[in-house]
Amino acid sequence: MENENLLKKIASSFASTTNVSFDDLFQEASLAYFEALRTYDPSKAVLSTHAWHCVSNRLKNYVKKENINVVFVDDYEQSVTVTPFWEQLSKDAMTVAEIVLDSPMEFLRLGKTHAPKKIKEILIEEGWDKKKIQRSLSELHIAFS
């Protein structure tokens, strides 16, 4: 099969960043390749480029469908260390998140304008200074944007 090495490379890349076996990914990649052959237009791209896009998109969808957690850093990365989101937060940011998660409906009801004010009030009552509060809220804002 033409471009078999390309398919192996893409499948290997996905296998190294997920818990999916190389064989399953290579099988999906092969199916995607044959579908790519049907949609290929030589006036628009080189076959290997078209196939790369089709196969990569198919494997991304396959991984999503299988509910497998993975981080795609960039399309050429061979391996990625995945750290759970929660573990990436500082202890202070986790404390703020826990406050919100303890009463999520209250903060939803308060909305974007009043919820941060309420969080600040709670943290000030717990003895936090304004700089620590702002740093923690900023970290959460960056993490969720």
# chains A, B, ... in the order shown; residues from 1 in each chain; ligands from 1
call {"tool": "residues_around", "arguments": {"residues": "Pro116 of chain A", "least_positions_apart": "3", "cutoff": "12 Å", "atoms": "only C-alpha atoms", "output": "PyMOL selection string"}}
result
chain A and resi 96-97+99-100+106-108+110-113+119-123+133-134+136-138+140-141
call {"tool": "residues_around", "arguments": {"residues": "Ser56 of chain A", "least_positions_apart": "2", "cutoff": "9 Å", "atoms": "only C-alpha atoms", "output": "PyMOL selection string"}}
result
chain A and resi 10-11+14+29+32+51-54+58-61+75
call {"tool": "atom_distance", "arguments": {"atom1": "atom CA of His50 of chain A", "atom2": "atom CA of Leu37 of chain A"}}
result
8.7 Å
call {"tool": "closest_residue", "arguments": {"among": "A:Arg38, A:Arg109, A:Arg135, A:Lys44", "to": "Leu89 of chain A", "atoms": "only C-alpha atoms"}}
result
A:Arg135
call {"tool": "atom_distance", "arguments": {"atom1": "atom CA of Ala143 of chain A", "atom2": "atom CA of Gly127 of chain A"}}
result
24.3 Å
call {"tool": "atom_distance", "arguments": {"atom1": "atom CA of Asp102 of chain A", "atom2": "atom CA of Trp128 of chain A"}}
result
18.6 Å
call {"tool": "closest_residue", "arguments": {"among": "A:Lys130, A:Glu139, A:Ile124, A:Lys64", "to": "Lys91 of chain A", "atoms": "only C-alpha atoms"}}
result
A:Glu139
call {"tool": "closest_residue", "arguments": {"among": "A:Ala115, A:Val55, A:Met94, A:Leu101", "to": "Ala36 of chain A", "atoms": "only C-alpha atoms"}}
result
A:Val55
